[in-house]
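To keep things clear, I will list the structure first and then write my remarks on it.
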4 protein chains.
Amino acid sequence: MDYVYAPGKNHLFVPGPVNIPEPVLRAMNRNNEDYRSPAVPALTKTLLEDVKKIFKSTAGTTFLIPTTGTGAWESALTNTLSPGDRIVSFLIGQFSLLWIDQQQRLNFNVDVVESDWGQGANLDVLESKLAADGGQTIKAICIVHNETATGVTNDLSKVRFLLDKYKHPALLLVDGVSSICALDFRMDEWGVDVALTGSQKALSLPTGLGIICASPKALEASKTSKSVKVFFDWKDYLKFYNLGTYWPYTPSIQLLYGLRAALDLLFEEGLDNVIARHSRLGKATRLAVEAWGLKNCTQKEEWFSDTVTAVLVPSYIDSAEIVRRAWKRYNLSLGLGLNKVAGKVFRIGHLGNLNELQLLGCLAGVEMILKDVGYPVKLGSGVAAASAYLQNNIPLIPSRI
Amino acid sequence: MDYVYAPGKNHLFVPGPVNIPEPVLRAMNRNNEDYRSPAVPALTKTLLEDVKKIFKSTAGTTFLIPTTGTGAWESALTNTLSPGDRIVSFLIGQFSLLWIDQQQRLNFNVDVVESDWGQGANLDVLESKLAADGGQTIKAICIVHNETATGVTNDLSKVRFLLDKYKHPALLLVDGVSSICALDFRMDEWGVDVALTGSQKALSLPTGLGIICASPKALEASKTSKSVKVFFDWKDYLKFYNLGTYWPYTPSIQLLYGLRAALDLLFEEGLDNVIARHSRLGKATRLAVEAWGLKNCTQKEEWFSDTVTAVLVPSYIDSAEIVRRAWKRYNLSLGLGLNKVAGKVFRIGHLGNLNELQLLGCLAGVEMILKDVGYPVKLGSGVAAASAYLQNNIPLIPSRI
Amino acid sequence: MDYVYAPGKNHLFVPGPVNIPEPVLRAMNRNNEDYRSPAVPALTKTLLEDVKKIFKSTAGTTFLIPTTGTGAWESALTNTLSPGDRIVSFLIGQFSLLWIDQQQRLNFNVDVVESDWGQGANLDVLESKLAADGGQTIKAICIVHNETATGVTNDLSKVRFLLDKYKHPALLLVDGVSSICALDFRMDEWGVDVALTGSQKALSLPTGLGIICASPKALEASKTSKSVKVFFDWKDYLKFYNLGTYWPYTPSIQLLYGLRAALDLLFEEGLDNVIARHSRLGKATRLAVEAWGLKNCTQKEEWFSDTVTAVLVPSYIDSAEIVRRAWKRYNLSLGLGLNKVAGKVFRIGHLGNLNELQLLGCLAGVEMILKDVGYPVKLGSGVAAASAYLQNNIPLIPSRI
Amino acid sequence: MDYVYAPGKNHLFVPGPVNIPEPVLRAMNRNNEDYRSPAVPALTKTLLEDVKKIFKSTAGTTFLIPTTGTGAWESALTNTLSPGDRIVSFLIGQFSLLWIDQQQRLNFNVDVVESDWGQGANLDVLESKLAADGGQTIKAICIVHNETATGVTNDLSKVRFLLDKYKHPALLLVDGVSSICALDFRMDEWGVDVALTGSQKALSLPTGLGIICASPKALEASKTSKSVKVFFDWKDYLKFYNLGTYWPYTPSIQLLYGLRAALDLLFEEGLDNVIARHSRLGKATRLAVEAWGLKNCTQKEEWFSDTVTAVLVPSYIDSAEIVRRAWKRYNLSLGLGLNKVAGKVFRIGHLGNLNELQLLGCLAGVEMILKDVGYPVKLGSGVAAASAYLQNNIPLIPSRI
């Protein structure tokens with residue numbers, strides 16, 4: 001078996017895939033089952049219902065598609081739009097870039113609004129475009145809630161505010177891959193039309209489920225969409241929902257039970273507590289970065305991400321060497337800088353089923369690596385800054401009080 | 001947890017998903033990993049190479065796409081063909097029907113050759129179409145190797161023979177979902193251009209990998225295909241193959257290690273021994289059906305499938321009641337009759353990691369159920385017929401001699 | 001890894017260790033935990049309480065000792081008796097023999113009552129000994145409830161009847177290793193003083209827990225016992241029970257969670273339903289043996305065991321060859337004949353988390369093996385006889401009605 | 001299921017049971033098997049042979065007894081000694097105390113040599129006893145290699161030196177429960193006669209195996225030992241070793257495969273590298289303790305333990321509150337102070353499959369807890385001290401260079 005062993009736990013701090021909690025691993029440790037028996041539809045029904053809660057939606061319809069985030073993107077686009085439709089899409093980092101590439105290859109007319117990498121979506125440009133679009137040629141706004149490459153969180157409520165301000169009917173399609181279940185996200189309140197995530201992100205499952213929530217308006221739009229699709233077609237799902245058998249093709253039994261366990265854990269902790277925990281982890285990480293004398297790739301506080309921190313390194317250091325060294329010497333997995341920020345940035349993912357002491361172990365490791373590569377860090381400084389904040393803010397674990 | 005408990009093992013005899021062997025469950029029982037570390041590409045490289053062996057191909061290029069068989073179909077079609085292309089496609093049962101539906105929705109020009117359900121692909125009609133196609137308007141032949149709904153195996157070597165006879169350049173696209181790793185399949189020898197299967201079938205994994213092998217000719221065709229696709233686009237894979245990182249988006253770490261284990265087991269048993277085992281299981285099942293005085297849905301011996309047997313029930317019996325009863329009283333999962341043969345047929349899947357005594361337990365169960373629903377079966381008769389054959393033909397287990 | 005692979009499931013029909021159900025495997029798939037945290041004592045408390053139910057005891061005190069059945073025997077003896085104490089003990093097969101060997105080596109004065117292997121305990125001799133024991137020199141009766149080597153179940157209620165008849169205060173110590181959780185067992189009603197089983201038997205767990213229930217009278221006796229013991233000393237357990245921390249030394253966290261899951265499954269099925277299932281499996285097996293024209297090692301119907309059937313083979317056959325062949329050709333694990341019945345008997349264990357179709361697969365396998373070794377069996381005959389009975393007697397699975 | 005959930009990994013830093021690595025969990029995730037089939041003896045043979053390596057013995061005979069460390073103690077004593085035999089035994093903490101209690105209850109004549117808790121075994125007293133024992137009345141020296149309660153490692157080579165100096169034939173019996181596989185241990189070189197450990201300690205398995213190595217001299221002594229024992233009797237094992245079936249009673253199949261995996265990991269890392277890793281972890285922990293301004297319970301450097309550090313707290317702090325708070329707020333499991341040092345000491349276990357970043361996470365947690373309970377620690381100070389040492393001393397992971 002191809003396995004590059006190292007003693008102790010692997011410290012997994014890429015911004016996905018993330019650590020799977022033991023109860024989820026246990027739930028998935030099972031043989032296949034006939035998905036046409038009465039058991040699997042009964043299970044699926046609870047999942048489709050409960051998964052709405054992570055979107056904070058009651059009006060939405062959910063889809064669990066055996067695919068990745070990339071496939072979920074494709075499903076969101078091809079079900080609601082037709083080739084040639086004008087989309088306003090924000091390019092702010094590698095993942096928004098890839099989504100835009102997909103939008104273009106799917107033959108939409110993509111109106112790209114670009115920002116520097118490290119900045120959020122330029123909503124002023126959006127406003128001017130909306131203001132100018134009396135003819136309502138814009139069919140959708142596509143926006144990444146949290147750009148994983150740069151650690152930038154966009155303000156979705158503001159997008160909704162602008163759409164409402166201009167009474168614009170454009171659909172609001174949101175990539176929540178590295179935000180949903182970790183950051184504050186409000187499908188119904190913010191009038192999001194399609195939101196999506198992947199199972200291997202904040203839900204802390206293996207890769208394999210594209211999880212999508214569609215508003216009534218999105219479902220309505222899907223009836224007239226002319227994009228070609230079969231595998232990703234919501235209609236096939238809706239047909240089987242009506243039949244009560246739920247699956248147009250074979251689901252992964254293991255992921256269904258895994259999702260059940262993951263949702264149970266989320267609800268046991270409380271979604272708001274989960275979000276608060278991510279807020280603590282993000283804040284603590286940023287305090288450490290500051291203590292090290294390094295800069296956050298994210299340029300303004302309003303965009304700081306609580307699920308991933310992209311750290312800029314001095315020009316005399318290759319950030320890829322930091323990532324290599326983390327793996328080779330400390331059994332620590334960090335995120336590379338991608339594309340425009342390759343070599344300049346390394347990333348600490350702090351999302352999913354993760355606690356504060358895990359993060360502090362990671363931060364202690366990063367300090368040693370920084371020293372390894374010649375950066376004059378004061379060892380312990382980041383941990384001290386993070387700890388000072390955390391020691392004041394970590395609550396007691398409710399089940400253990 | 002939504003779990004409908006029954007004592008003892010579930011006897012899983014649907015034709016997919018199938019039983020997962022313990023070594024594969026063990027291999028998948030693991031946390032996520034950074035797929036950009038050196039370990040995962042190294043593992044992937046061995047998989048892409050070794051998976052060719054199950055296709056009996058050395059010339060092909062393989063893809064492991066995080067999807068199901070339906071997605072693998074879509075990938076095969078959209079990478080090699082352009083909208084409007086003429087396809088000859090054989091409708092012989094529910095799965096070929098669904099593939100044809102997909103072909104039509106993807107805007108190909110589908111020339112459907114229909115047979116009675118229970119018959120194989122009508123290759124005489126294919127021959128006349130090829131003979132008449134001097135202009136080479138047929139771009140591809142799409143054929144299901146083993147129609148899971150009716151238990152019919154088509155003769156692919158004959159399709160190749162006809163294409164060669166008429167020197168026809170059409171691509172040969174094969175759904176091997178319920179055949180590959182279980183029935184004799186020879187990618188290179190038969191000149192198959194795209195073949196595909198799903199992980200949850202004879203490979204005995206969970207659902208989640210569409211496994212595709214493309215001939216050099218298919219790869220060449222993919223360069224000019226005008227079908228719209230992104231998630232299923234081979235080009236994205238080939239780009240990352242060249243980079244040595246292999247993955248355009250996040251794979252399931254668990255399925256990669258699971259596939260490694262599944263291939264190791266296959267090679268330990270020997271692919272030809274695996275095929276011989278399926279041949280024994282198929283033959284034994286058919287002997288039991290005969291002993292019960294029932295008919296095989298498959299109309300001629302030349303089409304008999306060694307991975308699934310569709311059994312016709314007398315008109316006074318609803319085959320769906322057999323399936324329900326199997327689950328409710330015997331913890332046995334059988335396959336329903338689908339579409340045209342709903343109510344008329346139940347199916348015994350005998351593929352994947354399965355041995356003879358498991359099958360005999362299933363056959364003994366079917367006998368009791370037949371009696372339950374009022375069919376005058378002689379209990380023990382099917383088991384006796386199957387055993388008489390098996391006792392003469394089961395080899396010693398090589399590792400235990 | 002030392003693993004002798006064979007395709008498909010291993011058919012495990014030795015009378016222990018037995019098949020572990022998936023929910024139990026899942027529950028045990030976990031890291032270690034600090035057993036001095038509040039969680040483990042809380043879990044342990046539920047186990048000690050619930051495990052009484054499998055003994056049908058409310059008055060008893062239970063112990064979960066990290067050991068095997070052999071250790072549980074030793075614990076039962078050394079806690080209640082003193083060296084030199086007179087014990088009446090019944091020798092009826094290999095396991096009662098081993099227990100007697102232990103009793104002798106622990107320096108008790110063992111009054112052995114021997115029967116032919118295949119017969120139950122000679123209770124007439126017991127009666128005469130009790131009648132003659134006006135001086136109450138007999139301190140304990142040691143009896144194996146179900147002799148696993150010969151498939152003999154003793155009548156414990158009769159032992160109690162005799163003790164009561166003669167108003168004899170001897171302790172009643174019962175080996176319930178292959179009976180408890182599978183056969184009717186009534187600790188309190190039958191006045192059993194110590195009963196014990198092992199986790200790998202009808203509870204369907206891995207080996208590693210000796211499970212003991214002691215009556216108040218047994219606990220009282222333990223206060224004056226002079227046998228030397230430390231590891232097996234109940235006093236150490238009772239001390240930690242009082243402290244509320246429960247464990248004098250480190251327990252297996254995995255087995256504790258596994259036992260929790262095993263008990264949950266037992267109670268979900270219903271203990272009486274579990275016993276009824278074993279009754280069906282035993283009866284079906286015996287009908288098959290009869291149909292094959294073979295004899296049960298158990299000489300009278302009153303002693304027939306519902307957890308294991310020892311089958312006598314004709315003198316021209318070596319029963320060990322049947323067991324070897326089962327493993328080498330059919331991936332079937334049968335029990336050897338032991339000691340006096342070595343070569344003459346093979347054993348089919350039918351206890352634990354097992355259902356009827358599993359058993360029928362085993363019986364079909366035995367038929368083929370009998371033919372392999374030259375016995376003129378009619379293939380299918382045993383399965384037919386067993387099925388005829390089962391088809392009339394299997395209830396619907398309650399959770400699936 | 002009784003499970004006190006908290007987000008993220010549990011940080012398990014008690015000195016046993018310790019973290020189980022994933023490959024070991026995977027190896028144990030399996031059904032039961034017939035231990036009388038040819039597979040299990042073949043596996044056992046490799047284990048008995050390879051397990052000698054962790055003792056650094058070639059001359060020894062090994063036993064894998066289904067029990068805990070307490071049972072392994074009992075096995076060591078009762079197989080080599082007879083009631084009334086004079087033993088010199090060192091009382092230096094809770095575990096040596098418990099062993100002495102066992103020795104006394106087993107009716108040996110225990111000559112207790114007591115030290116202050118925090119000191120090592122008083123070998124000067126040993127020397128005077130040996131010098132005075134011309135009559136060779138001392139039959140065995142019993143010594144705990146690493147006292148887990150106080151973090152004290154004794155110098156075994158010196159014990160051997162003294163025995164040799166006085167040409168004394170006493171057996172040397174060593175509790176290596178928290179040392180073997182983690183600290184330097186040399187069975188043959190040091191002339192140890194019986195050494196033992198438990199699976200849940202440095203081997204990083206679940207509880208359930210008492211692992212014993214006996215020298216030829218110990219085996220010889222076992223032939224004349226008059227202690228009463230059955231379950232723990234080596235003779236029964238040796239009888240089955242000779243038969244090639246190895247097991248006098250049912251082993252845990254899961255633990256056998258788990259031990260195979262654990263040994264494979266140990267040998268892959270290299271036993272000397274494992275010991276060096278523990279040396280780093282121990283040193284780093286002590287540097288942190290010093291930086292916090294706290295004292296080690298261990299009174300002299302020569303006794304410092306590399307597997308557990310017992311930290312003395314100021315008198316105004318209850319160390320039990322530190323342990324409670326660790327669990328309740330930080331999901332961190334620390335060791336309590338036991339018996340004489342209850343309330344005064346908390347313990348950090350750093351043994352088994354553990355790496356440096358895990359330890360640093362723990363140390364960061366301890367700092368926050370110290371602050372929580374009112375100790376004026378400088379946050380980050382311990383981590384800084386430990387990191388400064390580790391960053392200079394951690395080697396590259398060999399498999400990843």
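Ordered as shown in the structure tokens, chains take letters A, B, and onward, while each chain numbers its residues from 1 and ligands are numbered from 1 in the order shown.
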inquiry  = Please find the residues of chain C near chain D - the criterion being any atom within 6 Å, counting only C-alpha atoms - and write them as a ChimeraX atom specification.
reply    = /C:2,19-20,31-32,43,66-67,71,206-207,231,252
Next, dump the selected residues to file, keeping only all heavy atoms, as a compact mmCIF listing (two decimals), in the first residue's frame.
# COMPACT_ATOMS: atom_id res chain seq x y z
N ASP C 2 -0.05 -11.04 7.53
CA ASP C 2 -0.31 -12.46 7.39
C ASP C 2 -1.80 -12.70 7.21
O ASP C 2 -2.57 -12.71 8.17
CB ASP C 2 0.16 -13.16 8.67
CG ASP C 2 0.55 -14.59 8.37
OD1 ASP C 2 -0.18 -15.23 7.58
OD2 ASP C 2 1.54 -15.05 8.89
N ASN C 19 -19.33 -14.46 14.40
CA ASN C 19 -19.42 -13.26 13.58
C ASN C 19 -19.77 -12.02 14.40
O ASN C 19 -20.72 -12.04 15.19
CB ASN C 19 -20.51 -13.44 12.52
CG ASN C 19 -20.14 -14.49 11.51
OD1 ASN C 19 -19.24 -14.28 10.70
ND2 ASN C 19 -20.79 -15.64 11.59
N ILE C 20 -19.05 -10.96 14.14
CA ILE C 20 -19.33 -9.68 14.80
C ILE C 20 -20.21 -8.84 13.88
O ILE C 20 -19.86 -8.62 12.73
CB ILE C 20 -18.03 -8.91 15.06
CG1 ILE C 20 -17.03 -9.78 15.84
CG2 ILE C 20 -18.31 -7.61 15.80
CD1 ILE C 20 -15.66 -9.15 15.99
N ASN C 31 -10.23 5.35 18.81
CA ASN C 31 -9.00 5.57 19.55
C ASN C 31 -9.19 5.20 21.02
O ASN C 31 -10.33 5.05 21.49
CB ASN C 31 -8.63 7.06 19.44
CG ASN C 31 -7.20 7.34 19.85
OD1 ASN C 31 -6.39 6.42 20.02
ND2 ASN C 31 -6.89 8.61 20.04
N ASN C 32 -8.11 5.06 21.73
CA ASN C 32 -8.20 4.91 23.18
C ASN C 32 -8.72 6.19 23.83
O ASN C 32 -8.70 7.26 23.22
CB ASN C 32 -6.81 4.58 23.74
CG ASN C 32 -6.42 3.13 23.49
OD1 ASN C 32 -7.28 2.25 23.47
ND2 ASN C 32 -5.13 2.88 23.28
N LEU C 43 -20.28 5.24 31.16
CA LEU C 43 -20.56 4.14 30.24
C LEU C 43 -20.56 2.81 30.98
O LEU C 43 -21.47 1.98 30.82
CB LEU C 43 -19.50 4.13 29.13
CG LEU C 43 -19.45 2.92 28.21
CD1 LEU C 43 -20.77 2.73 27.48
CD2 LEU C 43 -18.31 3.06 27.21
N PRO C 66 -11.08 -8.22 32.00
CA PRO C 66 -10.32 -8.31 30.74
C PRO C 66 -9.61 -9.64 30.64
O PRO C 66 -8.42 -9.74 30.93
CB PRO C 66 -9.32 -7.16 30.84
CG PRO C 66 -9.53 -6.47 32.13
CD PRO C 66 -10.50 -7.27 32.95
N THR C 67 -10.32 -10.66 30.24
CA THR C 67 -9.78 -12.00 30.17
C THR C 67 -10.63 -12.84 29.23
O THR C 67 -11.49 -12.30 28.53
CB THR C 67 -9.73 -12.62 31.60
OG1 THR C 67 -9.04 -13.86 31.54
CG2 THR C 67 -11.13 -12.87 32.16
N GLY C 71 -10.25 -17.51 32.10
CA GLY C 71 -10.05 -16.62 33.22
C GLY C 71 -11.33 -16.41 34.01
O GLY C 71 -11.30 -16.30 35.24
N PRO C 206 -15.41 -9.37 19.87
CA PRO C 206 -14.10 -10.01 19.92
C PRO C 206 -13.88 -10.66 21.28
O PRO C 206 -14.58 -10.36 22.25
CB PRO C 206 -13.12 -8.84 19.73
CG PRO C 206 -13.90 -7.78 19.07
CD PRO C 206 -15.29 -7.92 19.61
N THR C 207 -12.89 -11.52 21.35
CA THR C 207 -12.45 -12.06 22.63
C THR C 207 -11.91 -10.94 23.51
O THR C 207 -11.35 -9.98 22.99
CB THR C 207 -11.31 -13.08 22.38
OG1 THR C 207 -11.75 -14.03 21.42
CG2 THR C 207 -10.92 -13.78 23.67
N PHE C 231 -5.40 -10.66 40.31
CA PHE C 231 -6.01 -10.16 39.07
C PHE C 231 -7.50 -10.48 39.02
O PHE C 231 -8.31 -9.67 38.58
CB PHE C 231 -5.30 -10.76 37.86
CG PHE C 231 -5.83 -10.26 36.55
CD1 PHE C 231 -5.48 -9.00 36.08
CD2 PHE C 231 -6.72 -11.03 35.79
CE1 PHE C 231 -5.98 -8.52 34.86
CE2 PHE C 231 -7.21 -10.55 34.58
CZ PHE C 231 -6.84 -9.30 34.12
N SER C 252 -10.40 -2.30 28.23
CA SER C 252 -10.36 -2.02 26.79
C SER C 252 -11.53 -1.10 26.45
O SER C 252 -12.68 -1.51 26.51
CB SER C 252 -10.48 -3.32 25.99
OG SER C 252 -10.85 -3.02 24.66
request  = Give the helix (DSSP H, G or I) residues of segment 28-276 of chain D, as assigned by DSSP on the backbone, as a PyMOL selection string.
outcome  = chain D and resi 28+39-54+69-80+94-105+123-132+156-165+216-222+234-243+253-269+271-276
task = List every residue of segment 191-328 of chain B that DSSP, applied to the backbone, labels as strand (DSSP E), and write the result as a VMD selection string.
result = chain B and resid 194 to 198 210 to 214 295 to 296 308 to 312
Report as a tab-separated table the residues of segment 163-214 of chain D within 12 Å of segment 299-306 of chain D, each with its shortest atom pair and distance in Å (one decimal), using only C-alpha atoms, ordered by chain and increasing residue number.
residue	atom	partner	partner_atom	distance
D:Ser178	CA	D:Ser305	CA	9.7
D:Ser179	CA	D:Asp306	CA	8.6
D:Ile180	CA	D:Asp306	CA	11.5
D:Cys181	CA	D:Asp306	CA	11.6
D:Ala182	CA	D:Asp306	CA	7.9
D:Leu183	CA	D:Asp306	CA	7.0
D:Asp184	CA	D:Asp306	CA	10.0
D:Ala202	CA	D:Asp306	CA	11.5
Please write the residues from the selection above to a file, keeping all heavy atoms, as a short mmCIF file (atom, residue, chain, number, x, y, z; two decimals), in the first residue's frame.
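Contents of the output file again.cif:
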data_model
loop_
_atom_site.label_atom_id
_atom_site.label_comp_id
_atom_site.auth_asym_id
_atom_site.auth_seq_id
_atom_site.Cartn_x
_atom_site.Cartn_y
_atom_site.Cartn_z
N SER D 178 5.50 0.99 31.24
CA SER D 178 5.56 2.31 30.57
C SER D 178 6.96 2.61 30.06
O SER D 178 7.32 3.76 29.88
CB SER D 178 5.06 3.41 31.52
OG SER D 178 5.85 3.48 32.68
N SER D 179 7.74 1.57 29.80
CA SER D 179 9.07 1.83 29.24
C SER D 179 9.33 1.09 27.94
O SER D 179 9.83 1.69 26.99
CB SER D 179 10.15 1.45 30.26
OG SER D 179 10.29 0.05 30.37
N ILE D 180 8.96 -0.16 27.89
CA ILE D 180 9.34 -0.97 26.72
C ILE D 180 8.71 -0.42 25.45
O ILE D 180 7.53 -0.09 25.43
CB ILE D 180 8.99 -2.45 26.99
CG1 ILE D 180 10.02 -3.02 27.98
CG2 ILE D 180 8.99 -3.26 25.70
CD1 ILE D 180 9.62 -4.31 28.62
N CYS D 181 9.51 -0.33 24.40
CA CYS D 181 9.14 0.30 23.10
C CYS D 181 9.27 1.81 23.14
O CYS D 181 8.87 2.47 22.18
CB CYS D 181 7.72 0.03 22.66
SG CYS D 181 7.48 -1.54 21.94
N ALA D 182 9.74 2.36 24.24
CA ALA D 182 9.84 3.82 24.32
C ALA D 182 11.17 4.25 24.94
O ALA D 182 11.76 5.23 24.54
CB ALA D 182 8.67 4.39 25.13
N LEU D 183 11.60 3.49 25.93
CA LEU D 183 12.88 3.77 26.57
C LEU D 183 13.86 2.67 26.17
O LEU D 183 13.47 1.59 25.74
CB LEU D 183 12.73 3.81 28.09
CG LEU D 183 11.68 4.77 28.66
CD1 LEU D 183 11.72 4.74 30.19
CD2 LEU D 183 11.92 6.18 28.14
N ASP D 184 15.13 2.98 26.37
CA ASP D 184 16.17 1.99 26.10
C ASP D 184 15.97 0.81 27.04
O ASP D 184 15.97 0.97 28.27
CB ASP D 184 17.53 2.67 26.35
CG ASP D 184 18.68 1.77 25.97
OD1 ASP D 184 18.51 0.87 25.12
OD2 ASP D 184 19.78 1.98 26.53
N ALA D 202 3.32 1.88 25.19
CA ALA D 202 4.11 2.38 24.05
C ALA D 202 3.82 1.66 22.74
O ALA D 202 4.07 2.20 21.67
CB ALA D 202 5.59 2.33 24.39
#
Pairwise distance for atom CA of Val308 of chain C and atom CA of Phe346 of chain C, rounded to one decimal in Å =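 Computed distance, atom CA of Val308 of chain C to atom CA of Phe346 of chain C, equals 10.3 Å.
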inquiry  = as JSON, numbers by chain, please: the residues near segment 309-317 of chain C (cut-off 9 Å, only C-alpha atoms, same-chain neighbours under 5 positions excluded).
reply    = {"C": [15, 118, 148, 149, 150, 151, 152, 282, 285, 286, 289, 294, 295, 296, 297, 298, 304, 322, 335, 337, 341, 343, 344, 345, 346, 347, 348, 349, 350, 373, 374, 375]}
ask   = What's the 9 Å shell around segment 237-241 of chain B, counting only C-alpha atoms, without same-chain residues fewer than 5 positions away, as a list of chain:residue names?
value = B:Lys45, B:Phe63, B:Tyr246, B:Trp247, B:Pro248
Write out, as a PDB file, in the first residue's frame, the residues just selected, with N, CA and C atoms.
ATOM      1  N   LYS B  45      -0.694   7.398  -9.309  1.00  0.00           N
ATOM      2  CA  LYS B  45       0.070   6.856 -10.457  1.00  0.00           C
ATOM      3  C   LYS B  45      -0.073   5.336 -10.539  1.00  0.00           C
ATOM      4  N   PHE B  63      -9.082   7.200 -16.497  1.00  0.00           N
ATOM      5  CA  PHE B  63      -9.578   8.327 -15.709  1.00  0.00           C
ATOM      6  C   PHE B  63     -10.383   7.791 -14.524  1.00  0.00           C
ATOM      7  N   TYR B 246      -1.934  15.078 -10.923  1.00  0.00           N
ATOM      8  CA  TYR B 246      -3.007  14.135 -11.249  1.00  0.00           C
ATOM      9  C   TYR B 246      -4.443  14.602 -11.040  1.00  0.00           C
ATOM     10  N   TRP B 247      -4.710  15.526 -10.140  1.00  0.00           N
ATOM     11  CA  TRP B 247      -6.105  15.806  -9.811  1.00  0.00           C
ATOM     12  C   TRP B 247      -6.486  17.251 -10.108  1.00  0.00           C
ATOM     13  N   PRO B 248      -7.450  17.455 -10.999  1.00  0.00           N
ATOM     14  CA  PRO B 248      -7.933  18.819 -11.250  1.00  0.00           C
ATOM     15  C   PRO B 248      -8.811  19.334 -10.114  1.00  0.00           C
TER      16      PRO B 248
END
message = Need the shell around Phe95 of chain D: protein/DNA/RNA residues with any atom at most 10 Å away, counting only C-alpha atoms. Skip same-chain ones fewer than 2 positions apart. Format as a VMD selection string?
response = chain D and resid 70 91 to 93 97 to 101 144 146 to 150 175 177 338
So that I have them on file, write out the residues from the current selection with C-alpha atoms, as a PDB file, in the first residue's frame.
ATOM      1  CA  THR D  70      -1.736  -6.380  36.285  1.00  0.00           C
ATOM      2  CA  LEU D  91       8.385   1.013  46.461  1.00  0.00           C
ATOM      3  CA  ILE D  92       8.755   4.356  44.686  1.00  0.00           C
ATOM      4  CA  GLY D  93       5.235   5.276  43.573  1.00  0.00           C
ATOM      5  CA  LEU D  97       3.036  -0.034  45.378  1.00  0.00           C
ATOM      6  CA  LEU D  98       0.337  -1.964  43.551  1.00  0.00           C
ATOM      7  CA  TRP D  99       2.797  -4.547  42.371  1.00  0.00           C
ATOM      8  CA  ILE D 100       4.070  -5.008  45.910  1.00  0.00           C
ATOM      9  CA  ASP D 101       0.496  -5.357  47.121  1.00  0.00           C
ATOM     10  CA  VAL D 144       9.545  -1.128  37.946  1.00  0.00           C
ATOM     11  CA  ASN D 146       9.603   3.374  34.782  1.00  0.00           C
ATOM     12  CA  GLU D 147       7.321   4.398  37.638  1.00  0.00           C
ATOM     13  CA  THR D 148       4.370   5.938  35.828  1.00  0.00           C
ATOM     14  CA  ALA D 149       3.060   7.779  38.876  1.00  0.00           C
ATOM     15  CA  THR D 150       6.124   9.909  39.471  1.00  0.00           C
ATOM     16  CA  ASP D 175       7.813  -4.135  35.031  1.00  0.00           C
ATOM     17  CA  VAL D 177       4.813  -1.359  31.282  1.00  0.00           C
ATOM     18  CA  LEU D 338      -2.153   9.339  42.526  1.00  0.00           C
TER      19      LEU D 338
END
